[in-house]
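Scroll down for the structure; my scribbles are underneath it.
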Amino acid sequence: MNDTAAIPPLDHAAKEKTLFGFWVYLMTDCLLFGSLFATYAVLHGNTFGGLAAGDLFNMPVALAETLILLTSSFCCGLAMLAVQAGRKRQALLWLGFTAALGLTFLTFEIREFAQLVADGDSWARSGFLSAFFTLVGTHGLHITIGLLWLGVLVWQVIHRGFTKHVVRRLTLFSMFWHFLDVIWIFIFTVVYLMGALRI
Amino acid sequence: MKNNRTLISYAVGFLSSIGLTLFAFWVVTYHILDGWSAVWTILALALVQCAIQLFFFLHLGSDTRPRWKFLSMIFMLVILTIVVVGSLWIMNSLNDRMMMTPKQMTKYMDNQAGL
Amino acid sequence: MNDLLHFIFGKLSLNAIPHVPMTLGAGIGMLLALGSLIGFVTYLKRWKWLWAEWFTSLDPKKIGTMYLIVATIMLLRGFSDVMLMRVQQALSVGSSHGIVDAATFQQIFSAHGSIMIFFVAMGLMFGLINLVVPLQIGARDVAFPFLNSISFWLFTAGMIIINCPMVLGEFSAAGWLAYPPLSELAYSPGVGVDYWIWSLQIAGVGSLLSGVNFLVTIIKMRAPGMKMMRLPIFSWSVLITMVMVIFAFPILTATLGMLYLDRSMGMHFFTADGGGNMMMYVNLIWAWGHPEVYILVLPAFGVFSEIVATFSRKRLFGYASMVGALSAIAFFSFIVWLHHFFTMGAGSDVNAFFGIMTMIIGIPTGVKIFNWLFTMFRGRIKFTSPMIWFLGFVFLFTTGGMSGVMLAIPGIDYQVHNSLFLVAHFHTMIISGVVFGLFAGVTYWFPKIFGFSLHEGLGKAAAWCWIIGFIFAFGPLYILGLMGATRRLDHYDSIHGWQTLFIVAGVGAMIVGLGIVCQLLQIFFSIKNRKKNLDTTGDPWNGRTLEWSTVSPAPFYNYAVIPTITDRDQFWEDKQSGKIHEPKQYADIKLPKNTGVGVIVGGLSFLVGFAAVWHLAWLAIAGVLATIIILIIHLSRDDNEYTISAEELKKLDTPRKEQLA
């Protein structure tokens, strides 16, 4: 297996068009999350007699989730460097780490959700919890879709190598993955940190 | 790795993001600041981290010519700010005036009538 | 056993078939019409042709045509709702209770608004944009042709969903925006609101994707030399509209999603209990809703700019200020939304801010009106039917706009909010602005797309019927609103003395109906006599912009060789200087292959929406999984284009050269 096959010359305009289009989609996703953030901000105090954010959320776990996702984003960046250099095995290695860390993040989050539900603090308990589960859950859904996408792309890298199409798709994926980490910064700040501050 | 320059930029982005995250966590968990001063601080830290990741991970500002990606992001931020801040301002006003208890309402009406 | 049945059928039961005679009759009528259509196509043995040439096509001219057809059908549905409402309100006075009961009436007005906005206005708009924009900017296709197909079929899926309540279940009775708590489960336990949610959600995603698509198209696929300030004004209006679409529609997606989560998973976003805040819904839905109405009207403004310039045989006055005005309107449209709920109780500081912003937004619109008038000044006007639509627009839209400035003042709004004055205002804006503009645009660009012109006489008759009909239909409503008549009334007391005005309004609606009949006849006779009305020059109106430089109908590849642009109104400049563009060299071109995946995704989306309405979890999950799988398969393909060789292109291009010689 030739590990350092050169990247074929890019069809520049077409790739640029697609990257820009995907960027525009990410901008729309910002508005989607923005609406959910605004709703969370409005409803975060509506606990309907239940526990508030500061009492419900486990800060060390939230920190761990944040650092895991951040590292995953970094690994994705390293993977893209390997792709640019044409190093197939290295790229697959870093993509693997990206996926593993992403999956770990998701597992932590699902366990957090499950625990809340088991304690009776489900999404139907109050406006605050509805907003919480929806905001964080929408992010988690995006992560899940991202992981599925990554799986398909890993398959393509293995079976097709670094064709111009595969490289373009990997670039789009990396944009998506980094973007999800940016959104998580705000979730961590607004939901978990501000929750702990009991604002 | 061939391309050391960009590896360094990714590493800088990664390490500064970790630093900012830990710093914000420390500010909150160890009660370095409280209340709204803490809120503004951690929001500022979040925005800085966001900018760092946009620059180092998402390579914003790297395209030349009309910077369409940058421009579209600015527009998005403007609209996002309007919608979020606008909604909070509106909902605050509405909640204050429309979600009062009967007692609060009586007091408010007396106040307005100059009693 | 019961559990199994419940799992399979969800909320479906034989009770779901409507028993109100009006609704049942309408549903049966719809099924008969559908059945006849299917039978007709089968008789002509045209299914394969429809699939291969139309449904699976990624040519924006075909997709645009399909949008127009769906929008027209929905216009007929929306208009039937109009006649039902007008008859009801003309008759239901005192002891008479009209022709429908209150519950049905509520579904009718809810359906009317939802259909007109989402399927008629948005459909006509995206239809026209698909037909015209690639040609105007000198491109062959849109930036993402497959995404374009997906957008259309999602739109159609939404259309099918909103028509289901006529045969299965019921529609929402909560108005076209479904405010909670009425739209929450406690007060709307049936499937009506869910139908509304999913129809709009699916169609809304289609619109959002189109927003991304056309934004990238106009920015990245302009012909070489077509700098931004050389862009045709219609394309400018579309570009700015798409910017608004991409920022407004996600708010709708989020809000509809949250309402559905309240209804299906017991969440408390907007419920009356559990810590919900129903005012947040109103806030969010209008944060989308206000930009939406400007999204609808801006392309119509763009159409009028092209039409006024062409039929005044004069350059558009103040092109740069037109672009500036469009941008200003777009920006301001995002900071006025509270004017839709002045009366919900915000403080005077909040109300004053949004009131002032609302009044300001009238200024750039005024700039545009003046620019159009200045374009006409000392021009050599040709009173074609598009110009008649335009003239009707200028008078009516300006008047309606003034009622808008009145409504912008919170003190006045407190008196007339939710009265017929408001109803008259927004219908004036939408009908004289959006509808007249899009009708004019379709008439104007029809020959370019189809190769023959529409019958002018019937077109003019239609325009006059709409204008006069509109005045009689909505003039009374302004007066009634000021007399205290509320909107959405299915019955009122005779003591008010309103009936005469309602009868006049009903007559007005019938005159509009006559206009629609003229339009249908126009289409019929134009197609029948198309050989006599062939557009042989490609430039039937002596146009100014690039699209008129091709043959009519425009070839599927638009331009054999993409032209280079040096001027605004390039085609006009070329005509004046006698220049004819002779392609020096043909090259191979690539075009997207047809694909049925868009249709399939649309169909699956319909199933998912239907399943979400009737709580068929198995179907919803299966539908989502199937959609994901088919998208992964299609998007993993690398061979989505086919090539037309240079020699073949040269052969295909001969008719154009012969026509222009």
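Naming scheme: A, B, ... for chains in displayed order of the structure tokens; residues 1 onward per chain; ligands 1 onward as shown.
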Would you give me, as a tab-separated table, each residue of chain A having an atom within 7 Å of an atom of chain B, along with its shortest atom pair and that distance in Å to one decimal, using only C-alpha atoms and sorting by chain and residue number?
```
residue	atom	partner	partner_atom	distance
A:Phe20	CA	B:Lys69	CA	6.7
A:Trp23	CA	B:Lys69	CA	6.9
A:Met27	CA	B:Met76	CA	6.3
A:Leu31	CA	B:Leu80	CA	6.2
A:Gly34	CA	B:Leu80	CA	6.5
A:Ala38	CA	B:Val84	CA	5.4
A:Val42	CA	B:Leu88	CA	6.7
A:Leu67	CA	B:Ile18	CA	6.9
A:Phe74	CA	B:Phe14	CA	6.2
A:Gly77	CA	B:Phe57	CA	6.7
A:Ala85	CA	B:Lys2	CA	6.6
A:Met175	CA	B:Leu58	CA	6.3
A:His178	CA	B:Phe57	CA	6.6
A:Val182	CA	B:Cys50	CA	5.8
A:Ile185	CA	B:Ala46	CA	6.2
A:Phe186	CA	B:Ala46	CA	6.5
A:Thr189	CA	B:Ile42	CA	6.7
A:Leu193	CA	B:Val28	CA	6.5
A:Met194	CA	B:Val39	CA	6.6
A:Leu197	CA	B:Gly35	CA	6.5
A:Ile199	CA	B:Gly35	CA	6.7
```
Need to verify the contact set: A:Gly140, 12 Å, only C-alpha atoms, exclusion of same-chain residues closer than 5 positions in sequence. Can you return it as a list in words?
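Near A:Gly140, the qualifying residues are Glu65, Leu69, Gly102, Leu103, Thr104, Phe105, Leu106, Thr107, Phe108, Glu109, Ile110, Glu112, Phe113, Phe132, Phe133, Thr134, Leu135, Ile145, Gly146, Leu147, Trp177, Leu180, Asp181, Ile183, Trp184 and Ile187 of chain A.
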Which residues of chain C sit at most 7 Å from chain B, using only C-alpha atoms? Give each one's shortest atom pair and distance in Å (one decimal place), in chain and ascending residue order, as JSON lines.
```
{"residue": "C:Met280", "atom": "CA", "partner": "B:Met91", "partner_atom": "CA", "distance": 6.8}
{"residue": "C:Asn283", "atom": "CA", "partner": "B:Ser87", "partner_atom": "CA", "distance": 6.9}
{"residue": "C:Gly345", "atom": "CA", "partner": "B:Leu94", "partner_atom": "CA", "distance": 5.9}
{"residue": "C:Ala346", "atom": "CA", "partner": "B:Leu94", "partner_atom": "CA", "distance": 4.6}
{"residue": "C:Gly347", "atom": "CA", "partner": "B:Ser93", "partner_atom": "CA", "distance": 5.9}
{"residue": "C:Val350", "atom": "CA", "partner": "B:Ile90", "partner_atom": "CA", "distance": 6.8}
```
Residues of stretch 103-162 of chain A in alpha helix (DSSP H) according to DSSP, as a VMD selection string?
chain A and resid 103 to 118 127 to 160
Can you list every residue of chain C that has an atom at most 10 Å from chain A, with its nearest atom pair and the distance in Å to one decimal, using only C-alpha atoms, ordered by chain then number, as CSV?
```
residue,atom,partner,partner_atom,distance
C:Ala143,CA,A:Lys17,CA,7.2
C:Phe144,CA,A:Thr18,CA,8.1
C:Leu208,CA,A:Thr28,CA,8.4
C:Leu209,CA,A:Tyr25,CA,8.1
C:Gly211,CA,A:Tyr25,CA,9.4
C:Val212,CA,A:Val24,CA,6.4
C:Asn213,CA,A:Gly21,CA,7.2
C:Phe214,CA,A:Gly21,CA,9.7
C:Leu215,CA,A:Gly21,CA,8.3
C:Val216,CA,A:Gly21,CA,5.9
C:Thr217,CA,A:Lys17,CA,8.4
C:Ile219,CA,A:Lys17,CA,9.1
C:Lys220,CA,A:Lys17,CA,6.4
C:Met221,CA,A:Lys17,CA,8.5
C:Val243,CA,A:Val24,CA,9.6
C:Val245,CA,A:Thr28,CA,9.2
C:Ile246,CA,A:Thr28,CA,5.6
C:Phe247,CA,A:Thr28,CA,5.9
C:Ala248,CA,A:Leu31,CA,7.9
C:Phe249,CA,A:Thr28,CA,8.1
C:Pro250,CA,A:Leu32,CA,4.8
C:Ile251,CA,A:Leu32,CA,5.8
C:Leu252,CA,A:Leu32,CA,8.6
C:Thr253,CA,A:Leu32,CA,7.3
C:Ala254,CA,A:Leu32,CA,5.9
C:Thr255,CA,A:Ser35,CA,7.8
C:Gly257,CA,A:Thr134,CA,9.5
C:Met258,CA,A:Thr134,CA,8.1
C:Leu261,CA,A:Ser130,CA,8.6
C:Asp262,CA,A:Ala124,CA,8.3
C:Met265,CA,A:Ala124,CA,7.0
C:Gly266,CA,A:Ala124,CA,5.0
C:Met267,CA,A:Ala124,CA,4.4
C:His268,CA,A:Gly127,CA,4.5
C:Phe269,CA,A:Gly127,CA,5.2
C:Phe270,CA,A:Gly127,CA,7.9
C:Thr271,CA,A:Gly127,CA,8.4
C:Asp273,CA,A:Phe48,CA,8.5
C:Gly274,CA,A:Ser126,CA,4.9
C:Gly275,CA,A:Gly127,CA,4.7
C:Gly276,CA,A:Gly127,CA,5.0
C:Asn277,CA,A:Leu43,CA,7.4
C:Met280,CA,A:Thr39,CA,7.4
C:Tyr281,CA,A:Thr39,CA,9.2
C:Leu284,CA,A:Ser35,CA,7.7
C:Ala287,CA,A:Ser35,CA,9.8
C:Ile628,CA,A:Ile145,CA,9.7
C:Ile632,CA,A:Val152,CA,7.9
C:Ile633,CA,A:Val152,CA,9.8
C:Leu635,CA,A:Arg169,CA,9.7
C:Ser636,CA,A:Gln156,CA,8.3
C:Arg637,CA,A:His165,CA,9.1
C:Asp638,CA,A:His165,CA,6.8
```
One-decimal distance in Å that lies between atom CA of C:Ile430 and atom CA of C:Met357:
20.3 Å
Residues flagged strand (DSSP E) by DSSP in stretch 529-607 of chain C, as number ranges by chain:
C: 589-592
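Here atom CA of C:Gly457 stands at a distance of 22.7 Å from atom CA of C:Ile73.
For the atom pair formed by atom CA of C:Pro134 and atom CA of C:Trp572, the distance is 18.3 Å, given to one decimal.
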